[in-house]
Amino acid sequence: MAMLEIEELNAWYGASHVLHGLSLAVEPGEIVALVGRNGAGKTTTIRSVMGLMPKATGSVRFAGTELLTLPAHARFRLGLAYVPEERRIVPGLSVRENLQLGLLAAGGRIDERAAIDEIARTFPRLKERLDQQGVTLSGGEQQMLAIARAMIAGPRMILLDEPSEGIMPVLVEEMGALFRRLRDEGVTLLLVEQNVEWALRLADRAVIIDQGEIVHSSSAAALLADKAIQERYCAV
Ligand SMILES: Nc1ncnc2c1ncn2[C@@H]1O[C@H](COP(=O)(O)OP(=O)(O)OP(=O)(O)O)[C@@H](O)[C@H]1O
Ligand SMILES: [Mg+2]
């Protein structure tokens, strides 16, 4: 069974019809890169899966459970996690408290101290700053915090919206190593990226979205080698 199976997804912002019968499957333990131009519908696809669109129809199943009829908070509890494009570090909360929100969102059954210790081992820069206000972190550190908050409850799948944006190259490579480690531990990843080369080197499979529809699906290696398709659909 696919970990995530999207079938005939349509989504709207008010009267604006943005996704047009989009279908896409992500198998357990794979990294799928979702790429495409600005405005193609990448963020809208992720928001539809997470229950954050005002209107979405079709079918989105996560490990066999239909999501579209569930409220957003119930989707987090099934083991789905989300790193939004705009990071959403909560003002007025410390790094530690932002991490605690990740545990709360997942249903709060996890030993908090052990979970924060584990995150501190993975992200030494966050460990030194657990009591600092989250919004005073640098941009790169805030992105690490958003990823750590998504990971902390041990999700089965993480949807990431442009995690490399605005991050220096050395940290982007570290992030890639982290995503590979998560994949090797059995976590499924859907990775939306503008940094197409990096995403394709990391991913197992690749799909291209254009004007709210999937127009290409292949191994990541095949798309990496196909400059013509990349230029047609991914040139910014
Ligand atoms: N809140 C909104 N209200 C109305 N239209 C929106 C809203 N958010 C996005 N759209 C429109 O929906 C379409 C898809 O947007 P989406 O954010 O999914 O694109 P994207 O592929 O994530 O682009 P980018 O690479 O720039 O992040 C665009 O035409 C956009 O203008
Ligand atoms: Mg987007």
# chains A, B, ... in the order shown; residues from 1 in each chain; ligands from 1
>>> residues_around(residues="A:Ile89", least_positions_apart="6", cutoff="8 Å", atoms="only C-alpha atoms", output="JSON, numbers by chain")
{"A": [98, 134, 135, 142, 145, 146]}
>>> closest_atom_pairs(of="chain A", to="ligand 2", cutoff="10 Å", atoms="only C-alpha atoms and all ligand atoms", output="JSON lines")
{"residue": "A:Val35", "atom": "CA", "partner": "ligand 2", "partner_atom_place_in_ligand_line": "1 (Mg)", "distance": 9.9}
{"residue": "A:Gly36", "atom": "CA", "partner": "ligand 2", "partner_atom_place_in_ligand_line": "1 (Mg)", "distance": 9.6}
{"residue": "A:Arg37", "atom": "CA", "partner": "ligand 2", "partner_atom_place_in_ligand_line": "1 (Mg)", "distance": 9.2}
{"residue": "A:Asn38", "atom": "CA", "partner": "ligand 2", "partner_atom_place_in_ligand_line": "1 (Mg)", "distance": 6.9}
{"residue": "A:Gly39", "atom": "CA", "partner": "ligand 2", "partner_atom_place_in_ligand_line": "1 (Mg)", "distance": 6.9}
{"residue": "A:Ala40", "atom": "CA", "partner": "ligand 2", "partner_atom_place_in_ligand_line": "1 (Mg)", "distance": 8.2}
{"residue": "A:Gly41", "atom": "CA", "partner": "ligand 2", "partner_atom_place_in_ligand_line": "1 (Mg)", "distance": 7.0}
{"residue": "A:Lys42", "atom": "CA", "partner": "ligand 2", "partner_atom_place_in_ligand_line": "1 (Mg)", "distance": 5.4}
{"residue": "A:Thr43", "atom": "CA", "partner": "ligand 2", "partner_atom_place_in_ligand_line": "1 (Mg)", "distance": 4.1}
{"residue": "A:Thr44", "atom": "CA", "partner": "ligand 2", "partner_atom_place_in_ligand_line": "1 (Mg)", "distance": 7.3}
{"residue": "A:Thr45", "atom": "CA", "partner": "ligand 2", "partner_atom_place_in_ligand_line": "1 (Mg)", "distance": 9.2}
{"residue": "A:Ile46", "atom": "CA", "partner": "ligand 2", "partner_atom_place_in_ligand_line": "1 (Mg)", "distance": 9.0}
{"residue": "A:Arg47", "atom": "CA", "partner": "ligand 2", "partner_atom_place_in_ligand_line": "1 (Mg)", "distance": 9.8}
{"residue": "A:Pro84", "atom": "CA", "partner": "ligand 2", "partner_atom_place_in_ligand_line": "1 (Mg)", "distance": 9.0}
{"residue": "A:Glu85", "atom": "CA", "partner": "ligand 2", "partner_atom_place_in_ligand_line": "1 (Mg)", "distance": 6.6}
{"residue": "A:Glu86", "atom": "CA", "partner": "ligand 2", "partner_atom_place_in_ligand_line": "1 (Mg)", "distance": 9.4}
{"residue": "A:Asp161", "atom": "CA", "partner": "ligand 2", "partner_atom_place_in_ligand_line": "1 (Mg)", "distance": 6.7}
{"residue": "A:Glu162", "atom": "CA", "partner": "ligand 2", "partner_atom_place_in_ligand_line": "1 (Mg)", "distance": 7.4}
{"residue": "A:Val192", "atom": "CA", "partner": "ligand 2", "partner_atom_place_in_ligand_line": "1 (Mg)", "distance": 7.9}
{"residue": "A:Glu193", "atom": "CA", "partner": "ligand 2", "partner_atom_place_in_ligand_line": "1 (Mg)", "distance": 8.6}
{"residue": "A:Gln194", "atom": "CA", "partner": "ligand 2", "partner_atom_place_in_ligand_line": "1 (Mg)", "distance": 9.0}
>>> residues_around(residues="A:Glu30", least_positions_apart="6", cutoff="8 Å", atoms="only C-alpha atoms", output="PyMOL selection string")
chain A and resi 183+187-189+203-205
>>> closest_residue(among="A:Gly139, A:Met168, A:Ile152, A:Gln133", to="A:Ile116", atoms="only C-alpha atoms")
A:Ile152
>>> closest_residue(among="A:Gln211, A:Gln143, A:Ser138, A:Gln132", to="ligand 1", atoms="only C-alpha atoms and all ligand atoms")
A:Gln211
>>> residues_around(residues="A:Arg113", least_positions_apart="4", cutoff="12 Å", atoms="only C-alpha atoms", output="number ranges by chain")
A: 96, 99-100, 103, 117-120, 152-153
>>> closest_residue(among="A:Leu101, A:Val95, A:Leu159, A:Val26", to="A:Lys127", atoms="only C-alpha atoms")
A:Val95
>>> closest_residue(among="A:Leu171, A:Ser48, A:Val90, A:Ile31", to="A:Ala220", atoms="only C-alpha atoms")
A:Ile31
>>> select_by_dssp(residues="stretch 15-217 of chain A", states="helix (DSSP H, G or I)", output="PyMOL selection string")
chain A and resi 42-50+72-77+95-105+112-122+124-127+134-136+139-151+169-184+196-202
>>> atom_distance(atom1="atom CA of A:Val172", atom2="atom CA of A:Leu190")
16.5 Å
>>> residues_around(residues="A:Ile147", least_positions_apart="5", cutoff="9 Å", atoms="only C-alpha atoms", output="PyMOL selection string")
chain A and resi 82-83+87+142+152+160+163
>>> atom_distance(atom1="atom 26 (O, counted along the ligand's line) of ligand 1", atom2="atom CA of A:Ile158")
20.0 Å
>>> closest_residue(among="A:Val170, A:Ala11, A:Leu19, A:Ile229", to="A:Gly51", atoms="only C-alpha atoms")
A:Ala11
>>> residues_around(residues="A:Ser217", least_positions_apart="6", cutoff="9 Å", atoms="only C-alpha atoms", output="count of residues only")
6
>>> closest_residue(among="A:Gly107, A:Ser219, A:Pro54, A:Leu182", to="A:Asn10", atoms="only C-alpha atoms")
A:Pro54
>>> atom_distance(atom1="atom CA of A:Leu126", atom2="atom CA of A:Met50")
26.1 Å
>>> residues_around(residues="stretch 65-77 of chain A", least_positions_apart="4", cutoff="7 Å", atoms="only C-alpha atoms", output="PDB file with N, CA, C and O atoms, in the first residue's frame")
ATOM      1  N   MET A  50      -2.423  18.334   4.211  1.00  0.00           N
ATOM      2  CA  MET A  50      -2.430  18.653   5.642  1.00  0.00           C
ATOM      3  C   MET A  50      -3.777  19.203   6.132  1.00  0.00           C
ATOM      4  O   MET A  50      -3.933  19.465   7.321  1.00  0.00           O
ATOM      5  N   GLY A  51      -4.724  19.414   5.235  1.00  0.00           N
ATOM      6  CA  GLY A  51      -6.043  19.887   5.669  1.00  0.00           C
ATOM      7  C   GLY A  51      -6.104  21.388   5.847  1.00  0.00           C
ATOM      8  O   GLY A  51      -6.865  21.894   6.674  1.00  0.00           O
ATOM      9  N   LEU A  52      -5.297  22.119   5.076  1.00  0.00           N
ATOM     10  CA  LEU A  52      -5.198  23.566   5.258  1.00  0.00           C
ATOM     11  C   LEU A  52      -5.778  24.341   4.080  1.00  0.00           C
ATOM     12  O   LEU A  52      -5.569  25.545   3.969  1.00  0.00           O
ATOM     13  N   SER A  59      -9.460  12.374  -3.521  1.00  0.00           N
ATOM     14  CA  SER A  59      -9.103  11.454  -2.457  1.00  0.00           C
ATOM     15  C   SER A  59      -7.632  11.621  -2.100  1.00  0.00           C
ATOM     16  O   SER A  59      -6.781  11.751  -2.983  1.00  0.00           O
ATOM     17  N   VAL A  60      -7.358  11.661  -0.802  1.00  0.00           N
ATOM     18  CA  VAL A  60      -5.979  11.666  -0.301  1.00  0.00           C
ATOM     19  C   VAL A  60      -5.931  10.625   0.809  1.00  0.00           C
ATOM     20  O   VAL A  60      -6.530  10.818   1.866  1.00  0.00           O
ATOM     21  N   ARG A  61      -5.268   9.494   0.546  1.00  0.00           N
ATOM     22  CA  ARG A  61      -5.178   8.451   1.578  1.00  0.00           C
ATOM     23  C   ARG A  61      -3.765   8.397   2.143  1.00  0.00           C
ATOM     24  O   ARG A  61      -2.783   8.429   1.396  1.00  0.00           O
ATOM     25  N   ALA A  81       3.718  14.850   9.303  1.00  0.00           N
ATOM     26  CA  ALA A  81       4.285  16.093   9.806  1.00  0.00           C
ATOM     27  C   ALA A  81       4.594  17.005   8.629  1.00  0.00           C
ATOM     28  O   ALA A  81       4.719  16.546   7.490  1.00  0.00           O
ATOM     29  N   ALA A 105       1.169  18.472  18.800  1.00  0.00           N
ATOM     30  CA  ALA A 105       0.447  18.273  17.536  1.00  0.00           C
ATOM     31  C   ALA A 105       0.296  16.792  17.229  1.00  0.00           C
ATOM     32  O   ALA A 105      -0.698  16.355  16.659  1.00  0.00           O
ATOM     33  N   ALA A 106       1.286  15.996  17.642  1.00  0.00           N
ATOM     34  CA  ALA A 106       1.253  14.569  17.326  1.00  0.00           C
ATOM     35  C   ALA A 106       0.430  13.779  18.338  1.00  0.00           C
ATOM     36  O   ALA A 106       0.264  12.574  18.196  1.00  0.00           O
ATOM     37  N   GLY A 107      -0.060  14.431  19.384  1.00  0.00           N
ATOM     38  CA  GLY A 107      -0.937  13.726  20.314  1.00  0.00           C
ATOM     39  C   GLY A 107      -0.355  13.568  21.700  1.00  0.00           C
ATOM     40  O   GLY A 107      -1.025  13.075  22.602  1.00  0.00           O
TER      41      GLY A 107
END
